[in-house]
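Next comes target_24.txt, with compact mmCIF, C-alpha atoms.
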# COMPACT_ATOMS: atom_id res chain seq x y z
CA MET A 28 -5.79 -6.95 -44.74
CA ARG A 29 -7.05 -10.27 -46.06
CA ILE A 30 -5.17 -12.21 -43.38
CA TYR A 31 -6.37 -9.69 -40.78
CA ARG A 32 -10.00 -10.33 -41.77
CA PHE A 33 -9.49 -14.11 -41.57
CA GLU A 34 -7.89 -13.82 -38.12
CA LEU A 35 -10.64 -11.52 -36.90
CA LYS A 36 -13.27 -13.92 -38.24
CA LYS A 37 -11.62 -16.81 -36.38
CA LEU A 38 -11.81 -14.90 -33.10
CA LEU A 39 -15.37 -13.70 -33.57
CA SER A 40 -16.61 -17.13 -34.65
CA SER A 41 -15.44 -18.68 -31.40
CA VAL A 42 -18.38 -20.09 -29.41
CA ALA A 43 -16.51 -19.37 -26.17
CA VAL A 44 -16.34 -15.64 -27.01
CA TRP A 45 -20.09 -15.33 -27.51
CA GLY A 46 -20.74 -17.50 -24.48
CA PHE A 47 -18.59 -15.15 -22.39
CA LEU A 48 -20.46 -12.16 -23.82
CA ALA A 49 -23.79 -13.75 -22.88
CA ALA A 50 -22.54 -14.45 -19.35
CA CYS A 51 -21.32 -10.85 -18.97
CA LEU A 52 -24.62 -9.45 -20.20
CA SER A 53 -26.52 -11.68 -17.78
CA VAL A 54 -24.48 -10.33 -14.89
CA ASN A 55 -24.91 -6.74 -16.10
CA MET A 56 -28.66 -7.07 -16.54
CA ALA A 57 -29.04 -8.40 -13.00
CA PHE A 58 -26.83 -5.57 -11.78
CA VAL A 59 -28.72 -2.88 -13.70
CA CYS A 60 -32.15 -4.15 -12.71
CA ASN A 61 -31.22 -3.53 -9.05
CA SER A 62 -30.30 0.10 -9.74
CA ARG A 63 -33.81 1.54 -9.60
CA ASP A 64 -34.06 4.84 -7.75
CA PRO A 65 -37.62 6.27 -7.86
CA TYR A 66 -36.60 9.65 -6.42
CA GLY A 67 -33.78 9.97 -8.95
CA ASP A 68 -36.21 9.09 -11.75
CA PHE A 69 -38.58 11.77 -10.48
CA ILE A 70 -35.81 14.39 -10.64
CA GLY A 71 -34.88 13.26 -14.14
CA THR A 72 -38.52 13.70 -15.22
CA VAL A 73 -39.11 17.12 -13.67
CA SER A 74 -35.74 18.42 -14.92
CA LYS A 75 -37.29 18.50 -18.40
CA GLN A 76 -39.56 21.26 -17.10
CA THR A 77 -37.39 23.04 -14.53
CA GLY A 78 -34.02 22.77 -16.26
CA TYR A 79 -30.82 21.78 -14.50
CA VAL A 80 -29.26 25.16 -13.61
CA LEU A 81 -30.05 26.30 -10.07
CA ASN A 82 -31.01 29.89 -10.87
CA ASN A 83 -34.08 32.08 -10.42
CA ASP A 84 -35.75 30.55 -13.46
CA PHE A 85 -35.32 27.07 -11.95
CA TYR A 86 -36.83 28.08 -8.60
CA ASP A 87 -39.71 29.87 -10.31
CA LYS A 88 -40.59 26.82 -12.40
CA LEU A 89 -40.15 24.50 -9.40
CA SER A 90 -42.53 26.59 -7.27
CA LYS A 91 -45.23 26.37 -9.96
CA LEU A 92 -44.72 22.68 -10.62
CA THR A 93 -47.62 20.37 -9.94
CA VAL A 94 -47.29 16.59 -9.74
CA GLU A 95 -49.57 13.68 -9.02
CA LYS A 96 -50.26 12.93 -5.38
CA ALA A 97 -47.98 9.86 -5.32
CA HIS A 98 -44.99 12.11 -6.06
CA ALA A 99 -45.91 14.99 -3.75
CA ASP A 100 -43.36 13.90 -1.15
CA TYR A 101 -40.64 13.77 -3.80
CA LEU A 102 -41.46 17.31 -4.91
CA GLU A 103 -41.32 18.60 -1.36
CA ARG A 104 -38.02 16.84 -0.79
CA LEU A 105 -36.57 18.37 -3.96
CA LYS A 106 -37.64 21.86 -2.87
CA ILE A 107 -35.98 21.40 0.52
CA GLU A 108 -32.73 20.01 -0.96
CA THR A 109 -32.36 22.79 -3.53
CA GLU A 110 -33.42 25.64 -1.25
CA ASN A 111 -30.71 28.23 -0.53
CA VAL A 112 -27.87 26.15 -2.00
CA GLU A 113 -24.59 28.01 -2.38
CA ASP A 114 -21.72 27.67 -4.82
CA VAL A 115 -19.44 25.10 -3.18
CA PHE A 116 -16.39 26.45 -5.04
CA GLU A 117 -16.82 30.02 -3.84
CA GLY A 118 -13.85 30.57 -1.52
CA TYR A 119 -12.93 26.85 -1.58
CA ASN A 120 -9.36 26.10 -0.48
CA ALA A 121 -8.07 23.27 -2.70
CA LYS A 122 -4.48 23.74 -1.50
CA ARG A 123 -5.55 22.40 1.90
CA ILE A 124 -6.02 18.95 0.33
CA GLY A 125 -2.40 18.88 -0.82
CA GLU A 126 -1.11 19.89 2.62
CA ARG A 127 -3.16 17.12 4.25
CA TYR A 128 -1.68 14.58 1.83
CA ILE A 129 1.87 15.87 2.38
CA GLU A 130 1.43 15.57 6.13
CA ALA A 131 -0.15 12.11 6.00
CA ALA A 132 2.48 10.66 3.60
CA LYS A 133 5.35 12.55 5.25
CA LEU A 134 6.43 13.88 1.86
CA GLU A 135 9.57 15.95 1.52
CA GLY A 136 11.60 17.56 -1.25
CA ILE A 137 10.48 17.21 -4.84
CA PHE A 138 7.46 15.05 -3.99
CA ALA A 139 6.09 17.61 -1.54
CA GLU A 140 6.67 20.34 -4.11
CA ALA A 141 5.01 18.25 -6.83
CA MET A 142 1.97 17.73 -4.61
CA ARG A 143 1.78 21.45 -3.82
CA HIS A 144 2.12 22.27 -7.51
CA LYS A 145 -0.75 19.93 -8.37
CA TYR A 146 -3.09 21.53 -5.84
CA THR A 147 -2.00 25.03 -6.80
CA ARG A 148 -3.22 24.16 -10.29
CA LEU A 149 -6.41 22.67 -8.83
CA GLN A 150 -6.98 25.90 -6.91
CA LYS A 151 -7.00 27.78 -10.21
CA VAL A 152 -9.52 25.27 -11.56
CA THR A 153 -11.85 25.69 -8.56
CA ASP A 154 -11.60 29.49 -8.86
CA GLU A 155 -12.69 29.23 -12.50
CA LYS A 156 -15.54 26.93 -11.54
CA ALA A 157 -16.62 29.46 -8.90
CA LYS A 158 -16.70 32.25 -11.50
CA SER A 159 -18.91 30.20 -13.82
CA ASP A 160 -21.16 28.89 -10.97
CA GLU A 161 -20.48 25.37 -12.22
CA SER A 162 -21.53 23.71 -8.98
CA LEU A 163 -25.01 25.28 -9.17
CA SER A 164 -26.17 22.34 -11.24
CA LEU A 165 -29.05 20.04 -10.28
CA TYR A 166 -27.57 16.64 -11.17
CA PHE A 167 -29.81 14.31 -9.10
CA ALA A 168 -29.99 16.51 -5.98
CA GLY A 169 -30.06 14.24 -2.90
CA SER A 170 -29.72 11.12 -5.06
CA THR A 171 -26.60 12.41 -6.80
CA TYR A 172 -24.02 10.48 -4.79
CA TYR A 173 -25.82 7.16 -5.22
CA ARG A 174 -26.49 7.69 -8.93
CA HIS A 175 -22.96 8.90 -9.69
CA GLN A 176 -21.27 6.10 -7.76
CA PHE A 177 -23.43 3.41 -9.33
CA LEU A 178 -22.84 4.64 -12.87
CA PHE A 179 -19.22 5.78 -12.81
CA ASN A 180 -17.79 3.53 -10.11
CA ASP A 181 -19.84 0.32 -9.96
CA LEU A 182 -21.23 -0.14 -13.47
CA ILE A 183 -18.18 1.24 -15.30
CA GLY A 184 -15.99 -0.91 -13.04
CA VAL A 185 -17.90 -4.05 -14.05
CA LEU A 186 -17.69 -3.13 -17.75
CA LEU A 187 -13.95 -2.46 -17.54
CA THR A 188 -13.33 -5.75 -15.76
CA GLU A 189 -15.35 -7.72 -18.31
CA GLY A 190 -13.79 -5.86 -21.24
CA ALA A 191 -10.29 -6.42 -19.88
CA LEU A 192 -10.85 -10.14 -19.30
CA ALA A 193 -12.38 -10.57 -22.74
CA SER A 194 -9.51 -8.71 -24.43
CA VAL A 195 -6.96 -10.84 -22.57
CA LEU A 196 -8.67 -14.10 -23.54
CA LEU A 197 -8.97 -12.98 -27.17
CA ALA A 198 -5.32 -11.94 -27.27
CA LEU A 199 -4.15 -15.25 -25.83
CA LEU A 200 -6.43 -17.13 -28.23
CA ALA A 201 -4.98 -15.21 -31.18
CA ALA A 202 -1.37 -15.66 -30.06
CA GLY A 203 -1.79 -19.34 -29.24
CA TYR A 204 -4.28 -20.38 -31.93
CA GLU A 205 -1.79 -22.36 -34.01
CA GLY A 206 -0.45 -24.10 -30.91
CA ILE A 207 -3.95 -25.04 -29.75
CA TYR A 208 -4.79 -26.58 -33.13
CA ARG A 209 -1.30 -28.08 -33.61
CA THR A 210 -0.52 -26.16 -36.81
CA GLU A 211 2.53 -24.30 -35.46
CA ASN A 212 5.14 -26.36 -37.32
CA LEU A 213 3.31 -25.84 -40.60
CA VAL A 214 2.37 -22.14 -40.34
CA TYR A 215 5.55 -20.89 -38.68
CA SER A 216 8.01 -22.96 -40.72
CA SER A 217 8.90 -19.95 -42.91
CA LYS A 218 9.67 -16.27 -42.33
CA LYS A 219 6.49 -15.36 -44.19
CA GLY A 220 4.47 -17.62 -41.95
CA ARG A 221 5.88 -16.02 -38.80
CA GLU A 222 4.82 -12.58 -40.00
CA ILE A 223 1.22 -13.70 -39.52
CA LEU A 224 1.52 -12.66 -35.89
CA ARG A 225 1.15 -9.00 -36.86
CA PRO A 226 -2.37 -9.35 -38.31
CA LYS A 227 -3.13 -11.64 -35.37
CA LEU A 228 -2.17 -8.81 -33.01
CA PHE A 229 -4.33 -6.25 -34.84
CA ALA A 230 -7.22 -8.73 -35.00
CA SER A 231 -7.04 -9.39 -31.24
CA LEU A 232 -6.91 -5.65 -30.47
CA SER A 233 -9.91 -5.01 -32.73
CA ALA A 234 -11.90 -7.90 -31.27
CA GLY A 235 -11.18 -6.78 -27.70
CA VAL A 236 -12.38 -3.21 -28.33
CA MET A 237 -15.40 -4.47 -30.29
CA PHE A 238 -16.36 -6.76 -27.40
CA TYR A 239 -16.05 -3.87 -24.91
CA ALA A 240 -18.04 -1.50 -27.16
CA LEU A 241 -20.84 -4.03 -27.78
CA LEU A 242 -21.04 -4.88 -24.09
CA ALA A 243 -21.17 -1.19 -23.12
CA PHE A 244 -23.77 -0.37 -25.78
CA ILE A 245 -26.21 -3.11 -24.72
CA THR A 246 -25.67 -2.50 -21.00
CA PHE A 247 -26.24 1.26 -21.23
CA LEU A 248 -29.19 0.79 -23.57
CA VAL A 249 -30.91 -1.16 -20.79
CA TYR A 250 -29.58 1.05 -17.98
CA PHE A 251 -30.86 4.31 -19.51
CA GLY A 252 -34.11 2.57 -20.41
CA ILE A 253 -34.68 1.67 -16.76
CA ASN A 254 -33.29 4.86 -15.16
CA ASP A 255 -34.79 8.16 -16.28
CA PHE A 256 -32.05 10.78 -16.71
CA GLY A 257 -34.36 13.28 -18.42
CA GLY A 258 -32.45 16.56 -18.84
CA ILE A 259 -29.83 15.65 -16.24
CA GLY A 260 -27.31 14.65 -18.90
CA LYS A 261 -26.33 18.30 -19.29
CA SER A 262 -25.75 18.84 -15.56
CA PHE A 263 -22.15 19.28 -14.48
CA VAL A 264 -20.61 16.37 -12.57
CA SER A 265 -18.93 18.90 -10.26
CA SER A 266 -22.37 19.73 -8.89
CA VAL A 267 -22.85 21.00 -5.34
CA PHE A 268 -24.65 17.72 -4.69
CA ASN A 269 -21.75 15.53 -5.81
CA TYR A 270 -18.90 14.76 -3.43
CA ARG A 271 -16.04 12.43 -2.62
CA ILE A 272 -15.44 10.54 0.62
CA ASP A 273 -11.76 11.18 1.39
CA LEU A 274 -10.48 9.52 4.58
CA ILE A 275 -7.45 11.83 4.71
CA ALA A 276 -8.63 15.22 3.48
CA GLY A 277 -12.26 14.75 4.56
CA ASP A 278 -15.41 14.72 2.43
CA ARG A 279 -14.97 17.18 -0.42
CA PRO A 280 -16.49 18.24 -3.75
CA PHE A 281 -16.07 16.08 -6.83
CA ILE A 282 -13.64 18.29 -8.76
CA THR A 283 -12.72 17.57 -12.37
CA TRP A 284 -9.90 19.33 -14.21
CA GLN A 285 -12.24 20.19 -17.07
CA SER A 286 -15.90 21.21 -17.00
CA PHE A 287 -17.62 17.89 -17.67
CA THR A 288 -21.34 17.37 -18.01
CA VAL A 289 -22.72 13.94 -17.16
CA GLN A 290 -22.82 13.11 -20.88
CA THR A 291 -19.30 14.28 -21.72
CA TYR A 292 -17.87 12.70 -18.58
CA LEU A 293 -19.42 9.35 -19.49
CA LEU A 294 -18.02 9.54 -23.03
CA ALA A 295 -14.56 10.48 -21.72
CA VAL A 296 -14.57 7.62 -19.21
CA LEU A 297 -15.68 5.10 -21.86
CA PHE A 298 -12.95 6.36 -24.22
CA VAL A 299 -10.21 5.92 -21.58
CA GLY A 300 -11.76 2.55 -20.74
CA ALA A 301 -11.27 1.45 -24.35
CA GLY A 302 -7.62 2.49 -24.03
CA ILE A 303 -7.23 0.39 -20.87
CA VAL A 304 -8.74 -2.58 -22.71
CA LEU A 305 -6.13 -2.08 -25.45
CA CYS A 306 -3.37 -2.01 -22.83
CA PHE A 307 -4.42 -5.33 -21.31
CA SER A 308 -4.74 -6.84 -24.77
CA LEU A 309 -1.21 -5.74 -25.71
CA MET A 310 0.16 -7.10 -22.44
CA ALA A 311 -1.55 -10.47 -22.85
CA PHE A 312 -0.55 -10.84 -26.50
CA GLY A 313 3.09 -10.12 -25.71
CA ILE A 314 3.10 -12.69 -22.91
CA GLY A 315 1.31 -15.17 -25.18
CA VAL A 316 4.05 -14.82 -27.79
CA PHE A 317 6.87 -15.33 -25.28
CA VAL A 318 5.12 -18.26 -23.53
CA ARG A 319 3.69 -20.90 -25.86
CA ASN A 320 1.23 -22.38 -23.35
CA SER A 321 -1.93 -20.21 -23.15
CA TYR A 322 -2.83 -21.38 -19.64
CA ILE A 323 0.61 -20.50 -18.30
CA SER A 324 0.42 -17.17 -20.16
CA PHE A 325 -2.85 -16.29 -18.45
CA PHE A 326 -1.41 -17.29 -15.08
CA LEU A 327 1.65 -15.06 -15.67
CA PHE A 328 -0.62 -12.21 -16.71
CA LEU A 329 -2.51 -12.48 -13.42
CA ILE A 330 0.71 -12.70 -11.39
CA ALA A 331 2.22 -9.64 -13.09
CA ASN A 332 -0.84 -7.49 -12.41
CA ALA A 333 -1.32 -8.80 -8.88
CA ALA A 334 2.32 -7.98 -8.13
CA THR A 335 1.80 -4.47 -9.50
CA LEU A 336 -1.07 -3.94 -7.05
CA ALA A 337 0.71 -5.58 -4.12
CA LEU A 338 4.06 -3.80 -4.47
CA PRO A 339 2.86 -0.36 -3.26
CA LEU A 340 1.54 -1.97 -0.08
CA GLN A 341 5.06 -3.16 0.73
CA MET A 342 6.76 0.17 0.07
CA PRO A 343 7.72 2.42 3.00
CA LEU A 344 6.43 5.99 3.00
CA ASN A 345 9.74 7.60 2.18
CA SER A 346 11.13 9.27 -0.93
CA ILE A 347 12.13 6.04 -2.69
CA GLY A 348 8.91 4.26 -1.77
CA TYR A 349 6.73 7.15 -2.89
CA ALA A 350 8.69 7.41 -6.16
CA VAL A 351 7.91 3.75 -6.91
CA ILE A 352 4.26 4.17 -5.95
CA SER A 353 3.83 7.29 -8.10
CA VAL A 354 5.14 5.38 -11.15
CA ILE A 355 3.05 2.25 -10.50
CA VAL A 356 -0.05 4.46 -10.45
CA LEU A 357 0.44 4.89 -14.20
CA SER A 358 0.15 1.13 -14.89
CA PRO A 359 -2.99 -0.27 -16.57
CA VAL A 360 -4.12 -2.32 -13.57
CA THR A 361 -3.84 0.66 -11.19
CA LEU A 362 -5.62 2.91 -13.66
CA TRP A 363 -8.38 0.29 -13.84
CA LEU A 364 -8.59 0.26 -10.04
CA LYS A 365 -8.89 4.06 -9.89
CA HIS A 366 -11.48 4.43 -12.66
CA GLY A 367 -13.88 6.24 -10.33
CA LEU A 368 -11.38 9.11 -9.98
CA TRP A 369 -10.46 9.61 -13.63
CA PHE A 370 -10.21 13.29 -14.65
CA THR A 371 -10.02 14.39 -11.00
CA ASP A 372 -7.01 15.16 -8.78
CA GLY A 373 -7.00 11.55 -7.53
CA ASP A 374 -5.71 10.28 -4.19
CA ILE A 375 -2.69 10.66 -1.94
CA ASP A 376 -0.58 8.38 -4.16
CA ILE A 377 -1.03 10.54 -7.27
CA VAL A 378 1.28 13.50 -7.88
CA TRP A 379 0.43 13.76 -11.58
CA THR A 380 -2.23 16.04 -13.01
CA HIS A 381 -4.40 14.19 -15.56
CA PHE A 382 -2.95 10.91 -14.29
CA GLU A 383 -5.39 8.80 -16.31
CA THR A 384 -4.35 10.42 -19.61
CA LEU A 385 -0.63 10.31 -18.79
CA GLY A 386 -0.89 6.73 -17.52
CA LEU A 387 -2.80 5.58 -20.59
CA PHE A 388 -0.23 7.17 -22.92
CA VAL A 389 2.75 5.70 -21.03
CA SER A 390 1.12 2.26 -20.81
CA LEU A 391 0.30 2.17 -24.52
CA VAL A 392 3.85 3.18 -25.49
CA VAL A 393 5.54 0.69 -23.13
CA LEU A 394 3.22 -2.22 -23.96
CA THR A 395 3.43 -1.57 -27.72
CA ALA A 396 7.22 -1.72 -27.40
CA PHE A 397 6.82 -4.94 -25.40
CA CYS A 398 4.70 -6.48 -28.17
CA LEU A 399 7.17 -5.43 -30.86
CA LEU A 400 9.98 -7.01 -28.83
CA ALA A 401 7.92 -10.21 -28.53
CA LEU A 402 7.33 -10.29 -32.30
CA HIS A 403 11.04 -9.75 -32.96
CA TYR A 404 11.89 -12.57 -30.55
CA PHE A 405 9.36 -14.90 -32.16
CA ARG A 406 10.82 -14.43 -35.65
CA LYS A 407 14.10 -15.94 -34.43
CA ARG A 408 12.74 -18.51 -31.99
CA ASN A 409 13.35 -22.22 -32.51
CA LEU A 410 9.99 -24.00 -32.28
CA THR A 411 11.38 -27.47 -31.92
As structure tokens, how would this structure be written, given the file I've shared?
Amino acid sequence: MRIYRFELKKLLSSVAVWGFLAACLSVNMAFVCNSRDPYGDFIGTVSKQTGYVLNNDFYDKLSKLTVEKAHADYLERLKIETENVEDVFEGYNAKRIGERYIEAAKLEGIFAEAMRHKYTRLQKVTDEKAKSDESLSLYFAGSTYYRHQFLFNDLIGVLLTEGALASVLLALLAAGYEGIYRTENLVYSSKKGREILRPKLFASLSAGVMFYALLAFITFLVYFGINDFGGIGKSFVSSVFNYRIDLIAGDRPFITWQSFTVQTYLLAVLFVGAGIVLCFSLMAFGIGVFVRNSYISFFLFLIANAATLALPLQMPLNSIGYAVISVIVLSPVTLWLKHGLWFTDGDIDIVWTHFETLGLFVSLVVLTAFCLLALHYFRKRNLT
């Protein structure tokens, strides 16, 4: 633990780390400051009085609501948007999505059956949501799509990218610290000295997650200070006003496997995001141990992830190609790319239910094994 604390202190005392954090926060603040949505703020404010469940009580309170003249148009718009809304999951055919995907990808055999099985399970989920009237939730009414996409696709995407880059740089700094400061031959001259890589690994993982958590905390502190969510945090994300643009199956409801409110969905996404940051940190540290030059290590890290993204584009839409694609979907870089669809059924290239959870588990296991292999290799490596 003492060595771990020293290694963590070395990483956190790096001027470059805090400079990178400041640069990330500057980008995020500029990004957040352009997210203002007056109509969405109005809904967040009035939801404190009307509630977020579209029932008789909501409509009664909305009809009696009085606002200042400047917001009269917003109130009228809200009344029109929420008037006579129906449960989007009542009678919804989720199996149709699977059949569209099977037809578009020309799936056969076990992959077609796997796709049908996934959407049979999704059908049960939508039936349960219909029974509980889950979609009859206000969210941000007509501003829902914009607000949801900005928060869970754009802003979370920026945070994940920054967190991943920071974790990679910290991991490479930890793995290559002795080489950078020319102390390799002294520190690693004994078996005891080579065991220092383990606390270095734990220190880099801790620093990466801490960077991501601090960045997220400050960014969301400003974001929720600027954008009024009011009582909307308890609205379900599978609201009648929320939807997905699907070029194959057509525009459709935003369906999550579980019943997530805006608050719980945000927490779940941030938690998985922390896991993705850990995955990238493990990958970078392992590469940094195998390759002594930090610049080459970073270059190899980029090539490996770019190749993972490019490979599916080269695969034919047949059984073998789809098998490769369905496995690649579970990789950290693909999970990062699909962050806006976490906890949903995903896209045409996903046959797994809960793909983000399965992918995170598989990635952590594989990359932990990769790091352990790198540490074993390093203990026997000749440094001369």
Please tell me which residues are no farther than 10 Å from (-10.1, -14.1, -35.0) in the file, counting all atoms listed in the file, and write them as a list of chain:residue names. A:Ile30, A:Tyr31, A:Arg32, A:Phe33, A:Glu34, A:Leu35, A:Lys36, A:Lys37, A:Leu38, A:Leu39, A:Ser40, A:Ser41, A:Leu197, A:Ala198, A:Leu200, A:Ala201, A:Tyr204, A:Pro226, A:Lys227, A:Leu228, A:Phe229, A:Ala230, A:Ser231, A:Ser233, A:Ala234
Within 6 Å of region 166-170 of chain A: each region 193-285 of chain A residue with its shortest pair, all atoms listed in the file, as CSV:
residue,atom,partner,partner_atom,distance
A:Ile259,CA,A:Tyr166,CA,5.6
A:Ser262,CA,A:Tyr166,CA,5.2
A:Phe268,CA,A:Ala168,CA,5.6
Could you save the residues just selected, with C-alpha atoms, as a tab-separated table (two decimals), in the frame of the given file?
chain	number	residue	atom	x	y	z
A	259	ILE	CA	-29.83	15.65	-16.24
A	262	SER	CA	-25.75	18.84	-15.56
A	268	PHE	CA	-24.65	17.72	-4.69
Between CA of Tyr173 (chain A) and CA of Asp64 (chain A), measure the distance and give it in Å to one decimal.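 Interatomic distance, CA of Tyr173 (chain A) to CA of Asp64 (chain A): 8.9 Å.
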Could you give me, as a ChimeraX atom specification, the residues within 12 Å of Leu294 (chain A), counting all atoms listed in the file and dropping anything in the same chain fewer than 3 positions from it? /A:179,183,240,243-244,247,260,287-291,297-301
Find the spatial neighbours of Ala202 (chain A), counting all atoms listed in the file, within a cut-off of 9 Å - ignore same-chain residues fewer than 3 positions away - and output them as a list in words.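 Returned residues: Leu197, Ala198, Leu199, Glu205, Gly206, Leu224, Lys227, Leu228, Ser231, Ala311, Phe312, Gly313, Ile314, Gly315, Val316, Arg319 and Ser321 of chain A.
With only C-alpha atoms as the atoms that count, the residue of A:Asn332, A:Asp372, A:Tyr404, A:Leu242 with the shortest distance to Leu149 (chain A) is A:Asp372.
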If you count all atoms listed in the file, which residues fall within 9 Å of Leu338 (chain A), apart from same-chain ones fewer than 6 positions away, as an NGL selection string? :A and (351-352 or 355)
Go ahead and compute the interatomic distance for CA of Thr380 (chain A) and CA of His144 (chain A), in Å to one decimal. 9.4 Å
